[in-house]
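Visitor: protein02.cif is the file, holding mmCIF, C-alpha atoms:
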data_data
#
loop_
_atom_site.group_PDB
_atom_site.id
_atom_site.type_symbol
_atom_site.label_atom_id
_atom_site.label_comp_id
_atom_site.auth_asym_id
_atom_site.auth_seq_id
_atom_site.Cartn_x
_atom_site.Cartn_y
_atom_site.Cartn_z
ATOM 1 C CA MET W 1 -23.820 90.211 58.920
ATOM 2 C CA LYS W 2 -25.403 87.774 56.491
ATOM 3 C CA LYS W 3 -23.256 88.981 53.567
ATOM 4 C CA PHE W 4 -20.143 88.828 55.744
ATOM 5 C CA PHE W 5 -20.978 85.268 56.846
ATOM 6 C CA ILE W 6 -21.481 84.193 53.223
ATOM 7 C CA LYS W 7 -18.089 85.621 52.278
ATOM 8 C CA ILE W 8 -16.410 83.713 55.118
ATOM 9 C CA CYS W 9 -18.085 80.466 54.037
ATOM 10 C CA LYS W 10 -16.959 80.987 50.440
ATOM 11 C CA PHE W 11 -13.408 81.682 51.607
ATOM 12 C CA PHE W 12 -13.227 78.388 53.515
ATOM 13 C CA GLY W 13 -14.982 76.433 50.747
ATOM 14 C CA PHE W 14 -18.248 75.796 52.612
ATOM 15 C CA GLU W 15 -21.694 75.986 51.034
ATOM 16 C CA ILE W 16 -24.798 77.437 52.698
ATOM 17 C CA ILE W 17 -28.311 76.086 52.186
ATOM 18 C CA ASP W 18 -31.244 78.458 52.728
ATOM 19 C CA GLN W 19 -34.157 76.028 52.980
ATOM 20 C CA ASN W 20 -36.653 78.874 53.461
ATOM 21 C CA GLU W 21 -35.793 80.450 50.096
ATOM 22 C CA PHE W 22 -34.701 77.095 48.596
ATOM 23 C CA THR W 23 -31.405 78.620 47.468
ATOM 24 C CA SER W 24 -27.662 78.383 48.091
ATOM 25 C CA PRO W 25 -26.317 81.919 48.726
ATOM 26 C CA THR W 26 -22.687 80.761 48.383
ATOM 27 C CA LEU W 27 -23.365 79.214 44.963
ATOM 28 C CA ASN W 28 -25.844 81.891 43.867
ATOM 29 C CA LYS W 29 -28.198 79.143 42.698
ATOM 30 C CA GLU W 30 -31.615 77.741 43.454
ATOM 31 C CA LEU W 31 -31.475 74.253 44.936
ATOM 32 C CA ASN W 32 -33.217 72.689 41.950
ATOM 33 C CA GLU W 33 -30.321 73.803 39.718
ATOM 34 C CA ASP W 34 -27.094 71.897 39.131
ATOM 35 C CA LEU W 35 -25.043 72.550 42.257
ATOM 36 C CA SER W 36 -21.979 70.516 41.274
ATOM 37 C CA ILE W 37 -18.806 71.977 39.779
ATOM 38 C CA LEU W 38 -16.812 69.774 37.383
ATOM 39 C CA ASN W 39 -13.419 68.713 38.740
ATOM 40 C CA LYS W 40 -14.072 70.483 42.047
ATOM 41 C CA LYS W 41 -17.102 69.244 43.952
ATOM 42 C CA SER W 42 -20.223 67.111 43.549
ATOM 43 C CA ILE W 43 -23.263 68.219 45.566
ATOM 44 C CA VAL W 44 -26.415 66.127 45.905
ATOM 45 C CA LEU W 45 -29.134 67.144 48.356
ATOM 46 C CA PRO W 46 -29.409 66.156 51.148
ATOM 47 C CA LEU W 47 -26.197 64.087 51.027
ATOM 48 C CA GLY W 48 -23.910 67.089 50.920
ATOM 49 C CA GLU W 49 -20.631 67.509 49.095
ATOM 50 C CA VAL W 50 -18.106 65.067 47.652
ATOM 51 C CA LYS W 51 -14.747 66.653 46.933
ATOM 52 C CA ILE W 52 -13.475 65.563 43.525
ATOM 53 C CA THR W 53 -10.089 63.870 43.699
ATOM 54 C CA ARG W 54 -10.425 62.037 40.365
ATOM 55 C CA LYS W 55 -10.699 64.900 37.876
ATOM 56 C CA VAL W 56 -11.797 64.368 34.274
ATOM 57 C CA LYS W 57 -9.667 66.195 31.715
ATOM 58 C CA SER W 58 -10.766 64.702 28.397
ATOM 59 C CA ILE W 59 -12.907 62.033 26.787
ATOM 60 C CA LEU W 60 -12.298 60.126 23.570
ATOM 61 C CA ILE W 61 -15.478 58.701 22.006
ATOM 62 C CA VAL W 62 -14.983 55.783 19.593
ATOM 63 C CA ILE W 63 -18.074 54.688 17.648
ATOM 64 C CA ARG W 64 -18.266 51.420 15.709
ATOM 65 C CA VAL W 65 -20.456 51.884 12.629
ATOM 66 C CA ASN W 66 -21.830 49.390 10.121
ATOM 67 C CA THR W 67 -24.697 50.801 8.059
ATOM 68 C CA GLU W 68 -25.213 47.688 5.894
ATOM 69 C CA ILE W 69 -25.837 44.713 8.228
ATOM 70 C CA GLU W 70 -29.326 44.820 9.728
ATOM 71 C CA VAL W 71 -28.675 42.729 12.863
ATOM 72 C CA TRP W 72 -25.387 40.905 13.230
ATOM 73 C CA ASP W 73 -25.704 37.122 13.601
ATOM 74 C CA GLN W 74 -29.519 37.246 13.684
ATOM 75 C CA ASN W 75 -32.509 37.166 11.322
ATOM 76 C CA LYS W 76 -34.708 39.289 13.583
ATOM 77 C CA ARG W 77 -35.795 42.853 12.825
ATOM 78 C CA ARG W 78 -35.130 45.782 15.129
ATOM 79 C CA LEU W 79 -37.724 47.904 16.861
ATOM 80 C CA PHE W 80 -39.464 50.120 14.218
ATOM 81 C CA GLU W 81 -38.132 47.774 11.449
ATOM 82 C CA LYS W 82 -36.169 50.388 9.495
ATOM 83 C CA PRO W 83 -33.013 49.948 7.354
ATOM 84 C CA LYS W 84 -29.813 49.840 9.400
ATOM 85 C CA ILE W 85 -28.604 53.225 8.119
ATOM 86 C CA GLU W 86 -31.609 54.815 9.840
ATOM 87 C CA TYR W 87 -30.457 53.508 13.225
ATOM 88 C CA SER W 88 -26.856 54.588 12.633
ATOM 89 C CA ILE W 89 -27.902 58.101 11.642
ATOM 90 C CA ARG W 90 -30.253 58.594 14.567
ATOM 91 C CA SER W 91 -27.727 57.085 16.958
ATOM 92 C CA ILE W 92 -24.995 59.485 15.874
ATOM 93 C CA LYS W 93 -27.408 62.450 15.910
ATOM 94 C CA SER W 94 -28.447 61.676 19.468
ATOM 95 C CA LEU W 95 -24.810 61.315 20.488
ATOM 96 C CA ILE W 96 -23.871 64.659 18.905
ATOM 97 C CA ASN W 97 -26.769 66.311 20.755
ATOM 98 C CA SER W 98 -25.478 64.823 23.995
ATOM 99 C CA ILE W 99 -21.913 65.968 23.248
ATOM 100 C CA ASN W 100 -23.085 69.523 22.522
ATOM 101 C CA TYR W 101 -25.162 69.613 25.707
ATOM 102 C CA CYS W 102 -22.215 68.382 27.759
ATOM 103 C CA GLN W 103 -19.788 70.808 26.103
ATOM 104 C CA SER W 104 -22.122 73.742 26.822
ATOM 105 C CA LYS W 105 -21.902 72.934 30.541
ATOM 106 C CA TYR W 106 -18.252 71.889 30.704
ATOM 107 C CA LEU W 107 -16.482 74.365 28.457
ATOM 108 C CA ASP W 108 -12.966 73.257 29.380
ATOM 109 C CA LEU W 109 -13.593 69.543 28.840
ATOM 110 C CA LYS W 110 -11.771 68.163 25.797
ATOM 111 C CA ILE W 111 -14.034 65.887 23.716
ATOM 112 C CA LYS W 112 -12.873 64.072 20.575
ATOM 113 C CA THR W 113 -15.033 61.731 18.478
ATOM 114 C CA ILE W 114 -13.799 59.005 16.121
ATOM 115 C CA ILE W 115 -16.114 56.936 13.941
ATOM 116 C CA LEU W 116 -14.728 53.563 12.847
ATOM 117 C CA ASP W 117 -16.679 52.594 9.740
ATOM 118 C CA ASP W 118 -17.033 49.055 8.418
ATOM 119 C CA SER W 119 -17.715 49.064 4.668
ATOM 120 C CA SER W 120 -20.459 51.678 4.452
ATOM 121 C CA LYS W 121 -21.612 52.922 1.064
ATOM 122 C CA ILE W 122 -20.397 56.347 -0.046
ATOM 123 C CA GLU W 123 -23.869 57.874 0.239
ATOM 124 C CA ASN W 124 -24.166 56.640 3.823
ATOM 125 C CA LEU W 125 -20.743 57.993 4.736
ATOM 126 C CA ASP W 126 -21.709 61.361 3.269
ATOM 127 C CA LYS W 127 -24.748 61.469 5.563
ATOM 128 C CA ILE W 128 -22.561 60.733 8.584
ATOM 129 C CA LYS W 129 -19.983 63.355 7.575
ATOM 130 C CA GLU W 130 -22.726 65.954 7.418
ATOM 131 C CA ILE W 131 -23.857 65.123 10.963
ATOM 132 C CA ILE W 132 -20.408 65.344 12.568
ATOM 133 C CA LYS W 133 -19.097 68.364 10.641
ATOM 134 C CA ASP W 134 -19.535 70.731 13.592
ATOM 135 C CA VAL W 135 -17.846 68.580 16.247
ATOM 136 C CA ASN W 136 -14.252 67.549 16.855
ATOM 137 C CA GLY W 137 -14.508 64.258 14.972
ATOM 138 C CA GLU W 138 -13.196 62.125 12.133
ATOM 139 C CA ILE W 139 -14.081 58.947 10.248
ATOM 140 C CA ILE W 140 -11.653 56.030 9.953
ATOM 141 C CA SER W 141 -12.187 52.981 7.729
ATOM 142 C CA LEU W 142 -11.836 49.515 9.246
ATOM 143 C CA ASP W 143 -8.726 47.664 8.041
ATOM 144 C CA THR W 144 -9.607 43.971 8.384
ATOM 145 C CA LYS W 145 -6.351 42.752 6.792
ATOM 146 C CA LYS W 146 -4.264 43.854 9.776
ATOM 147 C CA PHE W 147 -6.201 41.430 11.978
ATOM 148 C CA GLU W 148 -5.924 38.304 9.814
ATOM 149 C CA THR W 149 -3.093 36.999 12.009
ATOM 150 C CA LYS W 150 -4.630 38.240 15.264
ATOM 151 C CA ILE W 151 -8.161 36.835 14.975
ATOM 152 C CA LYS W 152 -8.990 33.167 14.525
ATOM 153 C CA LYS W 153 -10.778 32.117 11.347
ATOM 154 C CA GLN W 154 -14.539 32.587 11.741
ATOM 155 C CA LYS W 155 -17.548 30.887 10.157
ATOM 156 C CA THR W 156 -18.652 34.115 8.475
ATOM 157 C CA GLN W 157 -17.014 37.318 7.274
ATOM 158 C CA GLN W 158 -19.560 39.274 9.320
ATOM 159 C CA THR W 159 -18.295 37.724 12.541
ATOM 160 C CA PHE W 160 -14.674 38.353 11.589
ATOM 161 C CA SER W 161 -15.406 41.994 10.728
ATOM 162 C CA ASN W 162 -17.304 42.474 13.982
ATOM 163 C CA LEU W 163 -14.333 41.187 15.985
ATOM 164 C CA ALA W 164 -11.899 43.238 13.882
ATOM 165 C CA SER W 165 -13.837 46.480 14.365
ATOM 166 C CA LEU W 166 -13.948 45.930 18.118
ATOM 167 C CA TYR W 167 -10.212 45.166 18.126
ATOM 168 C CA GLN W 168 -9.413 48.316 16.158
ATOM 169 C CA CYS W 169 -11.590 50.432 18.481
ATOM 170 C CA PHE W 170 -9.590 49.211 21.452
ATOM 171 C CA GLU W 171 -6.347 49.954 19.601
ATOM 172 C CA ILE W 172 -7.520 53.495 18.832
ATOM 173 C CA GLY W 173 -8.315 54.004 22.506
ATOM 174 C CA LYS W 174 -4.904 52.705 23.549
ATOM 175 C CA GLU W 175 -3.014 54.771 20.960
ATOM 176 C CA ILE W 176 -4.653 58.181 21.305
ATOM 177 C CA GLY W 177 -6.780 58.023 24.461
ATOM 178 C CA GLU W 178 -5.607 60.335 27.221
ATOM 179 C CA ASP W 179 -8.127 60.099 30.045
ATOM 180 C CA LEU W 180 -11.656 58.673 29.646
ATOM 181 C CA ILE W 181 -12.537 56.499 26.642
ATOM 182 C CA PHE W 182 -16.120 55.765 25.601
ATOM 183 C CA PHE W 183 -16.672 52.801 23.243
ATOM 184 C CA ILE W 184 -20.090 52.974 21.544
ATOM 185 C CA GLU W 185 -21.981 50.854 19.011
ATOM 186 C CA ASP W 186 -24.209 52.488 16.402
ATOM 187 C CA ASP W 187 -27.557 50.988 17.405
ATOM 188 C CA TYR W 188 -28.039 53.006 20.590
ATOM 189 C CA LEU W 189 -30.120 56.140 21.060
ATOM 190 C CA HIS W 190 -28.830 58.530 23.706
ATOM 191 C CA PHE W 191 -30.669 61.023 25.859
ATOM 192 C CA GLU W 192 -29.360 64.575 25.636
ATOM 193 C CA THR W 193 -28.100 64.525 29.239
ATOM 194 C CA MET W 194 -26.299 61.175 28.837
ATOM 195 C CA LEU W 195 -22.701 62.334 28.480
ATOM 196 C CA GLU W 196 -22.919 65.068 31.113
ATOM 197 C CA GLU W 197 -24.400 62.649 33.643
ATOM 198 C CA MET W 198 -21.798 59.987 32.912
ATOM 199 C CA ILE W 199 -18.845 62.345 33.284
ATOM 200 C CA ALA W 200 -20.166 64.014 36.444
ATOM 201 C CA THR W 201 -21.051 60.634 37.955
ATOM 202 C CA TYR W 202 -17.708 59.137 36.932
ATOM 203 C CA GLU W 203 -15.728 61.722 38.845
ATOM 204 C CA ARG W 204 -18.087 61.548 41.851
ATOM 205 C CA VAL W 205 -18.079 57.751 42.220
ATOM 206 C CA SER W 206 -14.423 57.345 41.277
ATOM 207 C CA SER W 207 -13.484 59.940 43.888
ATOM 208 C CA GLN W 208 -15.544 58.112 46.507
ATOM 209 C CA VAL W 209 -14.121 54.635 45.843
ATOM 210 C CA GLY W 210 -10.610 55.923 45.235
ATOM 211 C CA LYS W 211 -10.075 54.217 41.867
ATOM 212 C CA ASP W 212 -11.035 54.366 38.195
ATOM 213 C CA ILE W 213 -14.234 52.580 37.179
ATOM 214 C CA PHE W 214 -16.244 51.244 34.238
ATOM 215 C CA MET W 215 -19.625 52.667 33.248
ATOM 216 C CA CYS W 216 -22.395 51.415 30.987
ATOM 217 C CA PRO W 217 -24.977 53.994 29.781
ATOM 218 C CA ALA W 218 -27.773 51.433 29.285
ATOM 219 C CA ASP W 219 -30.002 49.690 31.805
ATOM 220 C CA TYR W 220 -30.112 46.285 30.091
ATOM 221 C CA PRO W 221 -33.125 44.046 30.797
ATOM 222 C CA TYR W 222 -30.978 40.881 30.886
ATOM 223 C CA LEU W 223 -29.379 42.158 34.105
ATOM 224 C CA TYR W 224 -32.727 41.550 35.833
ATOM 225 C CA MET W 225 -33.098 37.932 34.689
ATOM 226 C CA ASP W 226 -31.051 36.496 37.562
ATOM 227 C CA ASN W 227 -31.274 37.108 41.283
ATOM 228 C CA GLU W 228 -27.906 38.847 41.484
ATOM 229 C CA LYS W 229 -26.748 41.026 44.351
ATOM 230 C CA THR W 230 -26.197 44.682 43.470
ATOM 231 C CA ASN W 231 -25.322 47.938 45.219
ATOM 232 C CA ILE W 232 -27.156 51.205 44.587
ATOM 233 C CA LEU W 233 -25.066 54.376 44.307
ATOM 234 C CA ILE W 234 -25.926 58.066 44.042
ATOM 235 C CA GLY W 235 -24.665 59.645 40.861
ATOM 236 C CA ASN W 236 -24.857 63.229 39.697
ATOM 237 C CA LYS W 237 -28.613 63.366 39.074
ATOM 238 C CA ARG W 238 -29.827 59.772 39.330
ATOM 239 C CA HIS W 239 -29.272 56.403 40.957
ATOM 240 C CA TRP W 240 -26.744 53.908 39.587
ATOM 241 C CA ARG W 241 -26.280 50.201 40.275
ATOM 242 C CA THR W 242 -23.239 47.963 40.260
ATOM 243 C CA ILE W 243 -23.266 45.344 37.500
ATOM 244 C CA ALA W 244 -21.073 42.425 36.462
ATOM 245 C CA LYS W 245 -21.870 42.333 32.730
ATOM 246 C CA THR W 246 -22.017 44.720 29.784
ATOM 247 C CA LEU W 247 -22.177 44.548 26.041
ATOM 248 C CA CYS W 248 -19.546 46.391 23.976
ATOM 249 C CA THR W 249 -20.817 49.892 24.744
ATOM 250 C CA PHE W 250 -19.087 51.157 27.878
ATOM 251 C CA LEU W 251 -16.889 53.933 29.258
ATOM 252 C CA THR W 252 -13.633 53.498 31.138
ATOM 253 C CA SER W 253 -10.230 55.124 31.571
ATOM 254 C CA LYS W 254 -6.989 54.849 29.612
ATOM 255 C CA LYS W 255 -5.437 53.540 32.824
ATOM 256 C CA LEU W 256 -7.837 50.583 33.026
ATOM 257 C CA LEU W 257 -7.612 49.945 29.272
ATOM 258 C CA ASP W 258 -3.838 49.588 29.630
ATOM 259 C CA LEU W 259 -4.098 47.531 32.833
ATOM 260 C CA TYR W 260 -6.473 44.969 31.280
ATOM 261 C CA TRP W 261 -5.178 45.122 27.721
ATOM 262 C CA GLU W 262 -4.786 41.345 27.586
ATOM 263 C CA ASN W 263 -8.498 40.909 28.388
ATOM 264 C CA PHE W 264 -9.513 43.380 25.691
ATOM 265 C CA THR W 265 -7.386 41.778 22.983
ATOM 266 C CA LYS W 266 -8.296 38.241 24.028
ATOM 267 C CA ASN W 267 -11.980 39.130 23.759
ATOM 268 C CA CYS W 268 -11.431 40.034 20.100
ATOM 269 C CA GLU W 269 -9.385 37.002 19.063
ATOM 270 C CA ASP W 270 -12.385 34.694 18.716
ATOM 271 C CA ARG W 271 -16.171 34.512 18.981
ATOM 272 C CA HIS W 272 -16.884 33.713 22.624
ATOM 273 C CA ASP W 273 -20.011 32.791 24.525
ATOM 274 C CA PRO W 274 -20.963 35.281 25.747
ATOM 275 C CA PHE W 275 -19.407 37.565 23.158
ATOM 276 C CA GLU W 276 -18.046 39.889 25.886
ATOM 277 C CA LYS W 277 -16.606 37.012 27.967
ATOM 278 C CA TYR W 278 -13.171 38.485 28.728
ATOM 279 C CA ILE W 279 -14.490 42.017 29.177
ATOM 280 C CA ASN W 280 -16.943 40.758 31.774
ATOM 281 C CA GLU W 281 -14.111 39.020 33.617
ATOM 282 C CA ILE W 282 -12.652 42.461 34.372
ATOM 283 C CA TYR W 283 -15.723 43.360 36.416
ATOM 284 C CA LYS W 284 -14.796 40.701 38.976
ATOM 285 C CA ASN W 285 -12.024 43.071 40.080
ATOM 286 C CA GLU W 286 -13.279 46.525 39.079
ATOM 287 C CA PHE W 287 -16.399 48.612 39.682
ATOM 288 C CA CYS W 288 -18.849 48.751 36.783
ATOM 289 C CA ILE W 289 -22.082 50.723 37.118
ATOM 290 C CA SER W 290 -25.165 51.401 34.994
ATOM 291 C CA PRO W 291 -27.901 54.045 35.412
ATOM 292 C CA LEU W 292 -31.418 53.758 36.809
ATOM 293 C CA LYS W 293 -33.134 54.598 34.597
ATOM 294 C CA SER W 294 -31.316 54.279 31.294
ATOM 295 C CA LEU W 295 -29.321 57.093 29.665
ATOM 296 C CA SER W 296 -28.974 55.191 26.374
ATOM 297 C CA VAL W 297 -31.210 52.549 24.837
ATOM 298 C CA HIS W 298 -30.145 49.599 22.700
ATOM 299 C CA LEU W 299 -32.479 49.338 19.699
ATOM 300 C CA THR W 300 -32.669 45.615 19.152
ATOM 301 C CA ASN W 301 -35.663 43.364 18.660
ATOM 302 C CA VAL W 302 -38.480 44.124 21.092
ATOM 303 C CA ASN W 303 -38.178 40.661 22.653
ATOM 304 C CA SER W 304 -34.401 40.749 23.118
ATOM 305 C CA SER W 305 -33.170 40.589 26.706
ATOM 306 C CA TYR W 306 -30.077 42.495 25.539
ATOM 307 C CA GLY W 307 -32.100 45.379 24.215
ATOM 308 C CA LEU W 308 -34.907 47.607 25.328
ATOM 309 C CA SER W 309 -34.409 49.181 28.737
ATOM 310 C CA PRO W 310 -37.527 49.349 30.946
ATOM 311 C CA PHE W 311 -39.725 52.444 31.449
ATOM 312 C CA ILE W 312 -38.557 54.393 28.361
ATOM 313 C CA ASP W 313 -40.733 56.267 25.863
ATOM 314 C CA TYR W 314 -39.072 54.753 22.791
ATOM 315 C CA LYS W 315 -41.287 56.341 20.186
ATOM 316 C CA ASN W 316 -40.659 59.825 21.550
ATOM 317 C CA LEU W 317 -36.869 59.290 21.717
ATOM 318 C CA TRP W 318 -36.884 57.852 18.189
ATOM 319 C CA ASP W 319 -38.850 60.802 16.785
ATOM 320 C CA GLN W 320 -36.608 63.357 18.514
ATOM 321 C CA ASN W 321 -33.615 62.189 16.486
ATOM 322 C CA LYS W 322 -34.993 62.204 12.937
#
Kindly present the structure from the file in structure tokens form.

Guide:
Amino acid sequence: MKKFFIKICKFFGFEIIDQNEFTSPTLNKELNEDLSILNKKSIVLPLGEVKITRKVKSILIVIRVNTEIEVWDQNKRRLFEKPKIEYSIRSIKSLINSINYCQSKYLDLKIKTIILDDSSKIENLDKIKEIIKDVNGEIISLDTKKFETKIKKQKTQQTFSNLASLYQCFEIGKEIGEDLIFFIEDDYLHFETMLEEMIATYERVSSQVGKDIFMCPADYPYLYMDNEKTNILIGNKRHWRTIAKTLCTFLTSKKLLDLYWENFTKNCEDRHDPFEKYINEIYKNEFCISPLKSLSVHLTNVNSSYGLSPFIDYKNLWDQNK
């Protein structure tokens, strides 16, 4: 009778929880395993099942890389005080580890990686090429000349190049992005589960709210400086909070990139205060969420409010990505 009942439940799409054995007979899994199925259902105990209506088909990852400038527009040193190339290398390594982990769980998910490089030395580019050789990725060189008529004249070439690289990243996303697009800077370290959690949470939350969303992988300390109202959501395997600000590392959809294209381009036309002024304006109308606790950490100066996420073992994460 029990086997027959399980078959009936499977046929009608219901799941059974055996709390005595701490298993799900219909899923053939223990309850401490991942119970969700990409593009089908998201299951979080004891909240039950969310049917996925917003399915994720592919993700384009666009990474902005500059291995020469230590900290843009600042004289401060980063945590661990290493040359910039060290941060870029470890950042890309951690991202590749996260991509491989995600791909091992979601075999049918299409993942493409593009690195937009700004004037790196040949030896540094060779190191990056070695890291990405086993993933679906390519390296593109920044073409600053094409933005001379699009970006206002800046006080320094560094500022102009920073705006140009951001502009070109957005253009890459608009030209070849198909579904989700993840814009990433090269001074973040990522936990191995980062990409899987973001994709699974994206489809869960987007299905619940009935629209595409923005996501930030980092829990920035500056978001706790003001007494701002926030909502707490349940993601795939952790809590998430709604936020109204990000830096330039975030994930969204091709649909939202197209819808707010004027904001994205306007943000790159000049140095604003804050730098992400017109990106942040989008969050007045759209959901943007970040994880609790952080899935990626921004390796800036230890005293920067835009940097180190709370309650992270930084030394361990740094050493894991040598």

Visitor: Which region 86-156 of chain W residues have any atom within 7 Å of an atom of region 39-59 of chain W, and for each, what is the nearest pair of atoms with distance in Å to one decimal, counting all atoms listed in the file, rows sorted by chain and number, as a Markdown table?

Guide:
| residue | atom | partner | partner_atom | distance |
| --- | --- | --- | --- | --- |
| W:Leu109 | CA | W:Ser58 | CA | 5.6 |
| W:Lys110 | CA | W:Ser58 | CA | 4.4 |
| W:Ile111 | CA | W:Ile59 | CA | 5.1 |
| W:Lys112 | CA | W:Ile59 | CA | 6.5 |

Visitor: If you count only C-alpha atoms, which residues fall within 10 Å of Lys245 (chain W), apart from same-chain ones fewer than 5 positions away, as number ranges by chain?

Guide: W: 216, 220, 222-223, 274, 276-277, 279-284, 288-290

Visitor: Could you save those same residues with C-alpha atoms as a tab-separated table (two decimals), keeping the file's coordinate frame?

Guide:
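Here's the written file out-v3.tsv:
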chain	number	residue	atom	x	y	z
W	216	CYS	CA	-22.40	51.42	30.99
W	220	TYR	CA	-30.11	46.28	30.09
W	222	TYR	CA	-30.98	40.88	30.89
W	223	LEU	CA	-29.38	42.16	34.10
W	274	PRO	CA	-20.96	35.28	25.75
W	276	GLU	CA	-18.05	39.89	25.89
W	277	LYS	CA	-16.61	37.01	27.97
W	279	ILE	CA	-14.49	42.02	29.18
W	280	ASN	CA	-16.94	40.76	31.77
W	281	GLU	CA	-14.11	39.02	33.62
W	282	ILE	CA	-12.65	42.46	34.37
W	283	TYR	CA	-15.72	43.36	36.42
W	284	LYS	CA	-14.80	40.70	38.98
W	288	CYS	CA	-18.85	48.75	36.78
W	289	ILE	CA	-22.08	50.72	37.12
W	290	SER	CA	-25.16	51.40	34.99

Visitor: Nearest to Ala218 (chain W) among W:Leu299, W:Ile199, W:Ile37, W:Ile63, with distances taken over all atoms listed in the file: which residue is it?

Guide: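 Ranking W:Leu299, W:Ile199, W:Ile37, W:Ile63 by distance to Ala218 (chain W), first place goes to W:Leu299.
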
Visitor: Report, in Å with one decimal, the straight-line distance from CA of Ala164 (chain W) to CA of Arg90 (chain W).

Guide: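 Separation between CA of Ala164 (chain W) and CA of Arg90 (chain W): 23.9 Å.
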
Visitor: Between CA of Gln154 (chain W) and CA of Asp270 (chain W), measure the distance and give it in Å to one decimal.

Guide: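 Separation between CA of Gln154 (chain W) and CA of Asp270 (chain W): 7.6 Å.
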
Visitor: Work out how far CA of Tyr101 (chain W) is from CA of Leu295 (chain W), in Å to one decimal.

Guide: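 Pair CA of Leu295 (chain W) / CA of Tyr101 (chain W) returns 13.8 Å.
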
Visitor: Skip Pro310 (chain W) itself and residues of its chain fewer than 6 positions away, then list as a ChimeraX atom specification all residues within 8 Å of it, counting all atoms listed in the file.

Guide: /W:219,221,293-294

Visitor: With C-alpha atoms retained, could you export that selection as a compact mmCIF listing (two decimals), in the coordinates of the input?

Guide:
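New file again-v9.txt:
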# COMPACT_ATOMS: atom_id res chain seq x y z
CA ASP W 219 -30.00 49.69 31.80
CA PRO W 221 -33.12 44.05 30.80
CA LYS W 293 -33.13 54.60 34.60
CA SER W 294 -31.32 54.28 31.29

Visitor: Quick one: of W:Val62, W:Ile243, W:Ile132, W:Met215, who's nearest to Leu166 (chain W), counting all atoms listed in the file?

Guide: W:Val62

Visitor: Calculated over all atoms listed in the file, which of the candidates W:Thr193, W:His272, W:Arg77, W:Ser91 has the smallest distance to Asn303 (chain W)?

Guide: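 Residue with the minimum atom-to-atom distance to Asn303 (chain W): W:Arg77.
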
Visitor: For Leu251 (chain W), work out the shell of residues within 6 Å, counting all atoms listed in the file and skipping chain neighbours fewer than 3 positions away, then give it as a list in words.

Guide: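 Neighbouring residues, sequence-local ones excluded: Ile181, Phe182, Phe214 and Met215 of chain W.
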
Visitor: Around the point (-9.4, 50.5, 20.9) in the file's coordinates, collect all residues with an atom within 10 Å, using all atoms listed in the file, and return them as a list of chain:residue names.

Guide: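 Output of the proximity query reads W:Val62, W:Ser165, W:Leu166, W:Tyr167, W:Gln168, W:Cys169, W:Phe170, W:Glu171, W:Ile172, W:Gly173, W:Lys174, W:Glu175, W:Ile176, W:Gly177, W:Ile181, W:Phe182, W:Phe183, W:Leu257, W:Trp261, W:Phe264, W:Thr265.
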